Amino acid sequence: VEAGSLGKILKENPDAAGVVLTRPTYYGVCSDLGAIIKIAHSYGKPVVVDEAHGAHLGFADYLPESAMDIGADISIQSTHKTLPALTQTALLHSRGNRIDIERLEYYLKVFQTTSPSYLLMASIDICRAIIKKDGNRLLVKLRGYIDSMAKQIENCGCVRMMQTKDLAFGSRQDVTRLVLNFEDAGLSGFQVSRILRNDYRIQAEMADLYNVVFISSVSDNKKDIEKLTLSLLKICKSIKQPAVRGNNMPDLPPVPDRIIPLRETTEHAAQKILLKNANGLAAATMLTPYPPGIPLVWPGEVISEDIIAYFEAVAAHGGKINGVNGDMRVSVLG
């Protein structure tokens with residue numbers, strides 16, 4: 001998110017309750033939060049940061065600052081994503097006088113369970129103790145492992161690791177998020193992810209059409225990163241012929257036309273047909289390439305030739321489309 005566009009948006013939407021921002025992104029990109037907060041606060045708007053993938057930020061000098069350190073009003077961190085805590089553990093932080101703490105606590109009581117897990121709460125406390133006592137040392141060691149990996153794969157010719165220079169001006173990078181691009185090798189991220197899993201017993205966090213993403217953390221050791229590095233070098237060495245750069249993906253299709261109101265879609269009979277035969281028909285379910293998990297077609301919207309071509313290309317590169325079966329059938333409305 002670029003700070004320069006925020007002032008215009010807030011000016012056009014004076015009734016906005018506040019600014020909600022995801023930082024860092026799944027790829028470890030951190031927007032210029034300081035500038036965004038300054039603009040939002042000048043309009044009297046609080047800033048809420050979804051910092052699910054940033055619970056480790058601020059614990060080492062090479063990492064971007066945490067949202068609380070920069071001046072956000074609320075941040076929500078998933079300790080289980082980047083810190084050593086059990087799955088489903090998270091923290092909600094608040095600061096300043098823009099947030100009504102009593103109201104916040106009221107809604108926490110409304111939505112939270114009255115039977116919390118003491119295992120989960122204990123794991124948060126153990127995690128807190130580890131990071132307080134040893135977090136900086138462990139993160140500095142991790143940076144050394146990552147720098148060694150980057151140096152070894154720098155000139156292998158088929159994989160490129162995302163760097164700060166690839167980002168928009170003002171953004172910062174969480175270098176513990178390893179984003180590996182195989183576009184120069186003509187391989188999709190899905191293909192590389194399968195190779196790593198099947199041939200090297202390495203499970204990536206996520207793959208897309210161009211990248212494979214790994215989350216490294218204080219729980220990873222030198223051996224872990226070295227195994228990943230060696231596997232990547234072997235994959236590069238196995239590519240015999242120079243590949244065509246890129247994956248020849250069609251452009252993202254435009255927003256489709258709606259022919260059936262969303263609330264009426266459940267009143268229509270649905271049938272499954274081959275995707276290639278669905279041109280001009282209304283979808284019965286959301287059709288969502290993953291990642292990123294954003295629907296391209298909602299129920300009642302028209303499945304066009306462009307959409308069919310895009311989904312077929314995603315499937316050809318090893319991607320998944322939620323709502324499209326493995327045999328490329330899709331539910332449409334009669």
# chains A, B, ... in the order shown; residues from 1 in each chain; ligands from 1
$ residues_around --residues "A:Gly28" --least-positions-apart "6" --cutoff "6 Å" --atoms "only C-alpha atoms" --output "number ranges by chain"
A: 173-174, 177
$ write_last_selection --atoms "all heavy atoms" --output "compact mmCIF listing (two decimals), in the first residue's frame"
# COMPACT_ATOMS: atom_id res chain seq x y z
N GLN A 173 11.60 -4.95 3.64
CA GLN A 173 11.48 -6.38 3.43
C GLN A 173 11.79 -7.14 4.71
O GLN A 173 12.75 -6.84 5.41
CB GLN A 173 12.44 -6.84 2.33
CG GLN A 173 12.42 -8.33 2.05
CD GLN A 173 13.56 -8.77 1.17
OE1 GLN A 173 14.47 -8.00 0.88
NE2 GLN A 173 13.53 -10.02 0.73
N ASP A 174 10.96 -8.11 5.01
CA ASP A 174 11.26 -9.07 6.06
C ASP A 174 12.09 -10.18 5.41
O ASP A 174 11.54 -11.04 4.70
CB ASP A 174 9.98 -9.63 6.66
CG ASP A 174 10.23 -10.82 7.58
OD1 ASP A 174 11.39 -11.02 7.99
OD2 ASP A 174 9.26 -11.55 7.88
N ARG A 177 11.43 -14.04 5.38
CA ARG A 177 10.45 -14.62 4.44
C ARG A 177 11.19 -14.85 3.12
O ARG A 177 11.53 -13.91 2.42
CB ARG A 177 9.26 -13.68 4.25
CG ARG A 177 8.10 -14.26 3.44
CD ARG A 177 7.51 -15.48 4.10
NE ARG A 177 7.16 -15.29 5.48
CZ ARG A 177 5.93 -15.07 5.93
NH1 ARG A 177 4.93 -15.00 5.07
NH2 ARG A 177 5.69 -14.93 7.21
$ residues_around --residues "stretch 257-260 of chain A" --least-positions-apart "3" --cutoff "6 Å" --atoms "only C-alpha atoms" --output "ChimeraX atom specification"
/A:300-302
$ select_by_dssp --residues "stretch 148-243 of chain A" --states "alpha helix (DSSP H)" --output "number ranges by chain"
A: 148-153, 189-200, 222-238
$ residues_around --residues "stretch 86-95 of chain A" --least-positions-apart "3" --cutoff "10 Å" --atoms "only C-alpha atoms" --output "PyMOL selection string"
chain A and resi 48-52+55+67-68+71-81+83+98-101+104+117+119-124+127
$ write_last_selection --atoms "N, CA and C atoms" --output "short mmCIF file (atom, residue, chain, number, x, y, z; two decimals), in the first residue's frame"
data_model
loop_
_atom_site.label_atom_id
_atom_site.label_comp_id
_atom_site.auth_asym_id
_atom_site.auth_seq_id
_atom_site.Cartn_x
_atom_site.Cartn_y
_atom_site.Cartn_z
N VAL A 48 -5.39 0.21 12.21
CA VAL A 48 -5.39 -1.16 12.70
C VAL A 48 -4.53 -2.00 11.75
N VAL A 49 -3.53 -2.67 12.29
CA VAL A 49 -2.61 -3.44 11.45
C VAL A 49 -2.80 -4.93 11.69
N ASP A 50 -3.14 -5.63 10.62
CA ASP A 50 -3.14 -7.10 10.63
C ASP A 50 -1.68 -7.52 10.48
N GLU A 51 -1.05 -7.80 11.62
CA GLU A 51 0.37 -8.13 11.66
C GLU A 51 0.55 -9.63 11.92
N ALA A 52 -0.35 -10.42 11.32
CA ALA A 52 -0.34 -11.86 11.57
C ALA A 52 1.02 -12.48 11.29
N ALA A 55 4.84 -11.11 13.98
CA ALA A 55 5.04 -11.14 15.43
C ALA A 55 6.52 -11.05 15.81
N ALA A 67 4.47 -2.78 14.26
CA ALA A 67 3.44 -1.75 14.11
C ALA A 67 3.30 -0.92 15.38
N MET A 68 3.40 -1.55 16.54
CA MET A 68 3.29 -0.82 17.80
C MET A 68 4.44 0.16 17.98
N GLY A 71 3.70 3.26 15.85
CA GLY A 71 2.63 4.15 16.27
C GLY A 71 1.24 3.73 15.86
N ALA A 72 1.06 2.48 15.41
CA ALA A 72 -0.29 2.00 15.09
C ALA A 72 -1.14 1.99 16.35
N ASP A 73 -2.45 2.08 16.15
CA ASP A 73 -3.36 2.11 17.30
C ASP A 73 -3.71 0.71 17.79
N ILE A 74 -3.82 -0.23 16.86
CA ILE A 74 -4.07 -1.64 17.18
C ILE A 74 -3.23 -2.49 16.24
N SER A 75 -2.66 -3.57 16.77
CA SER A 75 -2.07 -4.59 15.89
C SER A 75 -2.44 -5.96 16.43
N ILE A 76 -2.62 -6.88 15.52
CA ILE A 76 -2.96 -8.26 15.86
C ILE A 76 -1.87 -9.15 15.29
N GLN A 77 -1.22 -9.92 16.14
CA GLN A 77 -0.11 -10.76 15.72
C GLN A 77 -0.43 -12.23 15.96
N SER A 78 -0.13 -13.06 14.98
CA SER A 78 -0.25 -14.51 15.15
C SER A 78 1.09 -15.05 15.61
N THR A 79 1.20 -15.33 16.89
CA THR A 79 2.48 -15.81 17.40
C THR A 79 2.87 -17.15 16.79
N HIS A 80 1.88 -17.91 16.36
CA HIS A 80 2.18 -19.26 15.85
C HIS A 80 2.76 -19.24 14.43
N LYS A 81 2.70 -18.11 13.74
CA LYS A 81 3.19 -18.09 12.36
C LYS A 81 4.71 -17.90 12.28
N LEU A 83 6.77 -17.18 15.31
CA LEU A 83 7.42 -17.37 16.61
C LEU A 83 7.11 -18.78 17.12
N ARG A 98 -6.94 6.83 20.80
CA ARG A 98 -7.91 6.76 19.70
C ARG A 98 -8.81 5.53 19.79
N ILE A 99 -8.42 4.60 20.63
CA ILE A 99 -9.17 3.36 20.78
C ILE A 99 -9.88 3.35 22.12
N ASP A 100 -11.17 3.02 22.10
CA ASP A 100 -11.96 2.89 23.32
C ASP A 100 -11.68 1.50 23.89
N ILE A 101 -10.80 1.42 24.88
CA ILE A 101 -10.37 0.14 25.41
C ILE A 101 -11.54 -0.63 26.03
N LEU A 104 -13.42 -2.19 23.28
CA LEU A 104 -12.63 -3.29 22.72
C LEU A 104 -12.74 -4.53 23.61
N SER A 117 -8.04 -22.30 26.10
CA SER A 117 -7.11 -23.42 26.23
C SER A 117 -5.88 -22.97 27.03
N LEU A 119 -3.27 -24.76 27.45
CA LEU A 119 -2.11 -25.18 26.68
C LEU A 119 -1.67 -24.07 25.74
N LEU A 120 -2.65 -23.46 25.06
CA LEU A 120 -2.33 -22.39 24.13
C LEU A 120 -1.79 -21.17 24.86
N MET A 121 -2.43 -20.81 25.96
CA MET A 121 -1.96 -19.64 26.71
C MET A 121 -0.57 -19.88 27.28
N ALA A 122 -0.30 -21.10 27.73
CA ALA A 122 1.03 -21.42 28.26
C ALA A 122 2.08 -21.34 27.16
N SER A 123 1.71 -21.77 25.94
CA SER A 123 2.68 -21.73 24.84
C SER A 123 3.02 -20.29 24.47
N ILE A 124 2.05 -19.39 24.58
CA ILE A 124 2.34 -17.98 24.34
C ILE A 124 3.35 -17.47 25.37
N CYS A 127 6.75 -18.88 24.62
CA CYS A 127 7.26 -18.16 23.44
C CYS A 127 7.79 -16.79 23.86
#
$ closest_residue --among "A:Pro250, A:Val314, A:Leu275, A:Lys132" --to "A:Phe190" --atoms "only C-alpha atoms"
A:Val314
$ residues_around --residues "A:Pro292" --least-positions-apart "5" --cutoff "12 Å" --atoms "only C-alpha atoms" --output "ChimeraX atom specification"
/A:25-27,206-209,314,319-322
$ write_last_selection --atoms "N, CA, C and O atoms" --output "short mmCIF file (atom, residue, chain, number, x, y, z; two decimals), in the first residue's frame"
data_model
loop_
_atom_site.label_atom_id
_atom_site.label_comp_id
_atom_site.auth_asym_id
_atom_site.auth_seq_id
_atom_site.Cartn_x
_atom_site.Cartn_y
_atom_site.Cartn_z
N THR A 25 3.00 -8.47 4.18
CA THR A 25 2.21 -9.34 3.31
C THR A 25 2.74 -10.76 3.42
O THR A 25 3.74 -11.04 4.08
N TYR A 26 2.07 -11.67 2.74
CA TYR A 26 2.49 -13.07 2.74
C TYR A 26 3.89 -13.22 2.15
O TYR A 26 4.58 -14.21 2.40
N TYR A 27 4.31 -12.24 1.36
CA TYR A 27 5.64 -12.28 0.74
C TYR A 27 6.68 -11.50 1.56
O TYR A 27 7.79 -11.30 1.10
N MET A 206 4.15 -21.92 0.65
CA MET A 206 3.18 -21.55 -0.38
C MET A 206 3.88 -21.46 -1.72
O MET A 206 5.07 -21.19 -1.80
N ALA A 207 3.13 -21.72 -2.78
CA ALA A 207 3.65 -21.53 -4.14
C ALA A 207 2.61 -20.79 -4.96
O ALA A 207 1.40 -20.90 -4.72
N ASP A 208 3.08 -20.00 -5.92
CA ASP A 208 2.18 -19.35 -6.86
C ASP A 208 2.72 -19.58 -8.27
O ASP A 208 3.58 -20.43 -8.49
N LEU A 209 2.24 -18.82 -9.22
CA LEU A 209 2.64 -19.06 -10.61
C LEU A 209 4.12 -18.81 -10.85
O LEU A 209 4.71 -19.37 -11.78
N VAL A 314 -3.92 -21.65 -15.25
CA VAL A 314 -3.54 -21.88 -13.85
C VAL A 314 -3.41 -23.38 -13.58
O VAL A 314 -2.43 -23.84 -12.99
N GLY A 319 -1.54 -25.08 -10.61
CA GLY A 319 -2.29 -24.35 -9.60
C GLY A 319 -3.63 -24.98 -9.28
O GLY A 319 -4.10 -25.90 -9.97
N LYS A 320 -4.25 -24.49 -8.25
CA LYS A 320 -5.54 -25.01 -7.79
C LYS A 320 -6.60 -23.93 -7.93
O LYS A 320 -6.35 -22.76 -7.61
N ILE A 321 -7.79 -24.31 -8.42
CA ILE A 321 -8.91 -23.38 -8.49
C ILE A 321 -10.03 -23.94 -7.63
O ILE A 321 -10.64 -24.96 -7.98
N ASN A 322 -10.27 -23.34 -6.49
CA ASN A 322 -11.38 -23.76 -5.64
C ASN A 322 -12.69 -23.52 -6.38
O ASN A 322 -12.94 -22.43 -6.88
#
$ closest_residue --among "A:Ser238, A:Ser5, A:Asn221, A:Ser171" --to "A:Glu65" --atoms "only C-alpha atoms"
A:Ser171
$ select_by_dssp --residues "stretch 94-174 of chain A" --states "strand (DSSP E or B)" --output "list of chain:residue names"
A:Ser94, A:Arg160, A:Met161, A:Arg172, A:Gln173
$ write_last_selection --atoms "all heavy atoms" --output "PDB file, in the first residue's frame"
ATOM      1  N   SER A  94      -2.854  -2.765  21.789  1.00  0.00           N
ATOM      2  CA  SER A  94      -3.502  -1.474  21.598  1.00  0.00           C
ATOM      3  C   SER A  94      -2.700  -0.404  22.323  1.00  0.00           C
ATOM      4  O   SER A  94      -2.060  -0.684  23.352  1.00  0.00           O
ATOM      5  CB  SER A  94      -4.936  -1.497  22.126  1.00  0.00           C
ATOM      6  OG  SER A  94      -5.538  -0.239  21.989  1.00  0.00           O
ATOM      7  N   ARG A 160      15.910 -16.694  -8.375  1.00  0.00           N
ATOM      8  CA  ARG A 160      16.241 -15.360  -7.893  1.00  0.00           C
ATOM      9  C   ARG A 160      15.494 -15.112  -6.589  1.00  0.00           C
ATOM     10  O   ARG A 160      14.284 -15.311  -6.516  1.00  0.00           O
ATOM     11  CB  ARG A 160      15.846 -14.316  -8.945  1.00  0.00           C
ATOM     12  CG  ARG A 160      16.286 -12.899  -8.627  1.00  0.00           C
ATOM     13  CD  ARG A 160      16.147 -12.014  -9.869  1.00  0.00           C
ATOM     14  NE  ARG A 160      14.788 -11.988 -10.377  1.00  0.00           N
ATOM     15  CZ  ARG A 160      13.848 -11.134  -9.956  1.00  0.00           C
ATOM     16  NH1 ARG A 160      14.139 -10.248  -9.017  1.00  0.00           N
ATOM     17  NH2 ARG A 160      12.638 -11.160 -10.475  1.00  0.00           N
ATOM     18  N   MET A 161      16.219 -14.688  -5.573  1.00  0.00           N
ATOM     19  CA  MET A 161      15.605 -14.410  -4.274  1.00  0.00           C
ATOM     20  C   MET A 161      15.174 -12.955  -4.212  1.00  0.00           C
ATOM     21  O   MET A 161      15.933 -12.071  -4.584  1.00  0.00           O
ATOM     22  CB  MET A 161      16.593 -14.721  -3.139  1.00  0.00           C
ATOM     23  CG  MET A 161      15.985 -14.546  -1.749  1.00  0.00           C
ATOM     24  SD  MET A 161      17.176 -14.877  -0.405  1.00  0.00           S
ATOM     25  CE  MET A 161      17.370 -16.644  -0.584  1.00  0.00           C
ATOM     26  N   ARG A 172       9.752  -1.917   3.075  1.00  0.00           N
ATOM     27  CA  ARG A 172      10.860  -2.675   3.651  1.00  0.00           C
ATOM     28  C   ARG A 172      10.564  -4.162   3.525  1.00  0.00           C
ATOM     29  O   ARG A 172       9.412  -4.578   3.347  1.00  0.00           O
ATOM     30  CB  ARG A 172      11.085  -2.296   5.108  1.00  0.00           C
ATOM     31  CG  ARG A 172      11.610  -0.875   5.296  1.00  0.00           C
ATOM     32  CD  ARG A 172      12.108  -0.653   6.709  1.00  0.00           C
ATOM     33  NE  ARG A 172      13.226  -1.551   7.021  1.00  0.00           N
ATOM     34  CZ  ARG A 172      13.758  -1.673   8.251  1.00  0.00           C
ATOM     35  NH1 ARG A 172      13.279  -0.952   9.254  1.00  0.00           N
ATOM     36  NH2 ARG A 172      14.776  -2.490   8.475  1.00  0.00           N
ATOM     37  N   GLN A 173      11.598  -4.949   3.637  1.00  0.00           N
ATOM     38  CA  GLN A 173      11.478  -6.381   3.433  1.00  0.00           C
ATOM     39  C   GLN A 173      11.785  -7.138   4.708  1.00  0.00           C
ATOM     40  O   GLN A 173      12.753  -6.844   5.408  1.00  0.00           O
ATOM     41  CB  GLN A 173      12.443  -6.837   2.327  1.00  0.00           C
ATOM     42  CG  GLN A 173      12.418  -8.331   2.054  1.00  0.00           C
ATOM     43  CD  GLN A 173      13.561  -8.771   1.166  1.00  0.00           C
ATOM     44  OE1 GLN A 173      14.472  -7.998   0.878  1.00  0.00           O
ATOM     45  NE2 GLN A 173      13.532 -10.019   0.727  1.00  0.00           N
TER      46      GLN A 173
END
$ closest_residue --among "A:Leu178, A:Val212, A:Ile36, A:Ala278" --to "A:Met149" --atoms "only C-alpha atoms"
A:Leu178
$ residues_around --residues "A:Ser188" --least-positions-apart "5" --cutoff "8 Å" --atoms "only C-alpha atoms" --output "list in words"
Phe182, Glu183, Asp208, Leu209, Tyr210, Asn211, Asn247, His317 and Gly318 of chain A
$ write_last_selection --atoms "N, CA, C and O atoms" --output "CSV table (one decimal), in the first residue's frame"
chain,number,residue,atom,x,y,z
A,182,PHE,N,11.3,-18.4,-10.0
A,182,PHE,CA,11.9,-19.3,-11.0
A,182,PHE,C,11.5,-18.9,-12.4
A,182,PHE,O,11.5,-19.7,-13.3
A,183,GLU,N,11.1,-17.6,-12.6
A,183,GLU,CA,10.6,-17.2,-13.9
A,183,GLU,C,11.7,-17.4,-14.9
A,183,GLU,O,11.4,-17.7,-16.1
A,208,ASP,N,3.1,-20.0,-5.9
A,208,ASP,CA,2.2,-19.4,-6.9
A,208,ASP,C,2.7,-19.6,-8.3
A,208,ASP,O,3.6,-20.4,-8.5
A,209,LEU,N,2.2,-18.8,-9.2
A,209,LEU,CA,2.6,-19.1,-10.6
A,209,LEU,C,4.1,-18.8,-10.8
A,209,LEU,O,4.7,-19.4,-11.8
A,210,TYR,N,4.7,-18.0,-10.0
A,210,TYR,CA,6.1,-17.6,-10.3
A,210,TYR,C,7.1,-17.9,-9.1
A,210,TYR,O,8.3,-17.9,-9.3
A,211,ASN,N,6.6,-18.0,-7.9
A,211,ASN,CA,7.4,-18.1,-6.7
A,211,ASN,C,7.1,-19.3,-5.8
A,211,ASN,O,6.0,-19.8,-5.9
A,247,ASN,N,6.0,-17.7,-17.8
A,247,ASN,CA,5.0,-18.8,-17.8
A,247,ASN,C,3.9,-18.7,-18.9
A,247,ASN,O,3.0,-19.4,-18.9
A,317,HIS,N,-0.3,-25.0,-15.1
A,317,HIS,CA,0.9,-24.7,-14.4
A,317,HIS,C,0.9,-25.4,-13.0
A,317,HIS,O,1.9,-25.1,-12.2
A,318,GLY,N,-0.1,-26.2,-12.7
A,318,GLY,CA,-0.1,-26.9,-11.4
A,318,GLY,C,-0.8,-26.2,-10.3
A,318,GLY,O,-0.8,-26.6,-9.1
$ decode --residues "stretch 186-212 of chain A" --atoms "N, CA, C and O atoms" --output "mmCIF file, in the first residue's frame"
data_model
loop_
_atom_site.group_PDB
_atom_site.id
_atom_site.type_symbol
_atom_site.label_atom_id
_atom_site.label_comp_id
_atom_site.auth_asym_id
_atom_site.auth_seq_id
_atom_site.Cartn_x
_atom_site.Cartn_y
_atom_site.Cartn_z
ATOM 1 N N GLY A 186 11.731 -20.702 -16.473
ATOM 2 C CA GLY A 186 10.529 -21.170 -17.151
ATOM 3 C C GLY A 186 9.726 -22.154 -16.326
ATOM 4 O O GLY A 186 8.901 -22.898 -16.853
ATOM 5 N N LEU A 187 9.961 -22.162 -15.011
ATOM 6 C CA LEU A 187 9.238 -23.058 -14.113
ATOM 7 C C LEU A 187 8.250 -22.262 -13.281
ATOM 8 O O LEU A 187 8.555 -21.148 -12.853
ATOM 9 N N SER A 188 7.097 -22.842 -13.042
ATOM 10 C CA SER A 188 6.152 -22.188 -12.139
ATOM 11 C C SER A 188 6.521 -22.533 -10.706
ATOM 12 O O SER A 188 7.203 -23.526 -10.429
ATOM 13 N N GLY A 189 6.054 -21.701 -9.787
ATOM 14 C CA GLY A 189 6.264 -22.005 -8.376
ATOM 15 C C GLY A 189 5.628 -23.319 -7.983
ATOM 16 O O GLY A 189 6.164 -24.064 -7.153
ATOM 17 N N PHE A 190 4.479 -23.643 -8.594
ATOM 18 C CA PHE A 190 3.800 -24.900 -8.297
ATOM 19 C C PHE A 190 4.689 -26.093 -8.662
ATOM 20 O O PHE A 190 4.776 -27.070 -7.915
ATOM 21 N N GLN A 191 5.341 -26.009 -9.821
ATOM 22 C CA GLN A 191 6.212 -27.099 -10.255
ATOM 23 C C GLN A 191 7.386 -27.289 -9.302
ATOM 24 O O GLN A 191 7.718 -28.413 -8.915
ATOM 25 N N VAL A 192 8.021 -26.193 -8.930
ATOM 26 C CA VAL A 192 9.174 -26.282 -8.034
ATOM 27 C C VAL A 192 8.747 -26.807 -6.663
ATOM 28 O O VAL A 192 9.451 -27.615 -6.045
ATOM 29 N N SER A 193 7.596 -26.378 -6.196
ATOM 30 C CA SER A 193 7.094 -26.842 -4.909
ATOM 31 C C SER A 193 6.897 -28.354 -4.913
ATOM 32 O O SER A 193 7.253 -29.042 -3.942
ATOM 33 N N ARG A 194 6.357 -28.895 -6.017
ATOM 34 C CA ARG A 194 6.162 -30.341 -6.127
ATOM 35 C C ARG A 194 7.505 -31.078 -6.150
ATOM 36 O O ARG A 194 7.670 -32.133 -5.536
ATOM 37 N N ILE A 195 8.483 -30.519 -6.885
ATOM 38 C CA ILE A 195 9.809 -31.141 -6.948
ATOM 39 C C ILE A 195 10.442 -31.189 -5.562
ATOM 40 O O ILE A 195 10.992 -32.220 -5.142
ATOM 41 N N LEU A 196 10.370 -30.077 -4.832
ATOM 42 C CA LEU A 196 10.949 -30.026 -3.496
ATOM 43 C C LEU A 196 10.272 -31.036 -2.561
ATOM 44 O O LEU A 196 10.934 -31.705 -1.764
ATOM 45 N N ARG A 197 8.955 -31.152 -2.678
ATOM 46 C CA ARG A 197 8.225 -32.069 -1.801
ATOM 47 C C ARG A 197 8.486 -33.528 -2.173
ATOM 48 O O ARG A 197 8.767 -34.367 -1.311
ATOM 49 N N ASN A 198 8.408 -33.847 -3.473
ATOM 50 C CA ASN A 198 8.500 -35.239 -3.898
ATOM 51 C C ASN A 198 9.936 -35.765 -3.915
ATOM 52 O O ASN A 198 10.172 -36.932 -3.590
ATOM 53 N N ASP A 199 10.889 -34.919 -4.323
ATOM 54 C CA ASP A 199 12.268 -35.388 -4.502
ATOM 55 C C ASP A 199 13.172 -35.098 -3.308
ATOM 56 O O ASP A 199 14.167 -35.805 -3.108
ATOM 57 N N TYR A 200 12.834 -34.043 -2.547
ATOM 58 C CA TYR A 200 13.740 -33.632 -1.464
ATOM 59 C C TYR A 200 13.074 -33.607 -0.097
ATOM 60 O O TYR A 200 13.714 -33.257 0.892
ATOM 61 N N ARG A 201 11.787 -33.961 -0.041
ATOM 62 C CA ARG A 201 11.043 -34.008 1.227
ATOM 63 C C ARG A 201 11.076 -32.663 1.944
ATOM 64 O O ARG A 201 11.226 -32.580 3.165
ATOM 65 N N ILE A 202 10.929 -31.596 1.165
ATOM 66 C CA ILE A 202 10.860 -30.239 1.707
ATOM 67 C C ILE A 202 9.495 -29.661 1.351
ATOM 68 O O ILE A 202 9.128 -29.606 0.174
ATOM 69 N N GLN A 203 8.744 -29.236 2.351
ATOM 70 C CA GLN A 203 7.416 -28.670 2.124
ATOM 71 C C GLN A 203 7.483 -27.153 2.161
ATOM 72 O O GLN A 203 7.845 -26.572 3.188
ATOM 73 N N ALA A 204 7.153 -26.517 1.047
ATOM 74 C CA ALA A 204 7.120 -25.059 0.998
ATOM 75 C C ALA A 204 5.892 -24.541 1.742
ATOM 76 O O ALA A 204 4.880 -25.229 1.865
ATOM 77 N N GLU A 205 5.981 -23.317 2.227
ATOM 78 C CA GLU A 205 4.825 -22.668 2.847
ATOM 79 C C GLU A 205 3.740 -22.404 1.819
ATOM 80 O O GLU A 205 2.560 -22.644 2.051
ATOM 81 N N MET A 206 4.148 -21.924 0.648
ATOM 82 C CA MET A 206 3.176 -21.552 -0.381
ATOM 83 C C MET A 206 3.879 -21.465 -1.725
ATOM 84 O O MET A 206 5.072 -21.193 -1.799
ATOM 85 N N ALA A 207 3.125 -21.719 -2.785
ATOM 86 C CA ALA A 207 3.647 -21.535 -4.141
ATOM 87 C C ALA A 207 2.609 -20.790 -4.956
ATOM 88 O O ALA A 207 1.400 -20.902 -4.716
ATOM 89 N N ASP A 208 3.085 -19.999 -5.923
ATOM 90 C CA ASP A 208 2.177 -19.350 -6.864
ATOM 91 C C ASP A 208 2.716 -19.581 -8.273
ATOM 92 O O ASP A 208 3.581 -20.431 -8.495
ATOM 93 N N LEU A 209 2.244 -18.821 -9.220
ATOM 94 C CA LEU A 209 2.641 -19.059 -10.611
ATOM 95 C C LEU A 209 4.124 -18.812 -10.848
ATOM 96 O O LEU A 209 4.711 -19.374 -11.782
ATOM 97 N N TYR A 210 4.746 -17.981 -10.019
ATOM 98 C CA TYR A 210 6.133 -17.599 -10.284
ATOM 99 C C TYR A 210 7.073 -17.879 -9.120
ATOM 100 O O TYR A 210 8.280 -17.932 -9.308
ATOM 101 N N ASN A 211 6.553 -18.030 -7.909
ATOM 102 C CA ASN A 211 7.395 -18.063 -6.724
ATOM 103 C C ASN A 211 7.112 -19.259 -5.828
ATOM 104 O O ASN A 211 6.019 -19.832 -5.852
ATOM 105 N N VAL A 212 8.129 -19.604 -5.043
ATOM 106 C CA VAL A 212 7.964 -20.518 -3.920
ATOM 107 C C VAL A 212 8.330 -19.726 -2.669
ATOM 108 O O VAL A 212 9.335 -19.023 -2.644
#
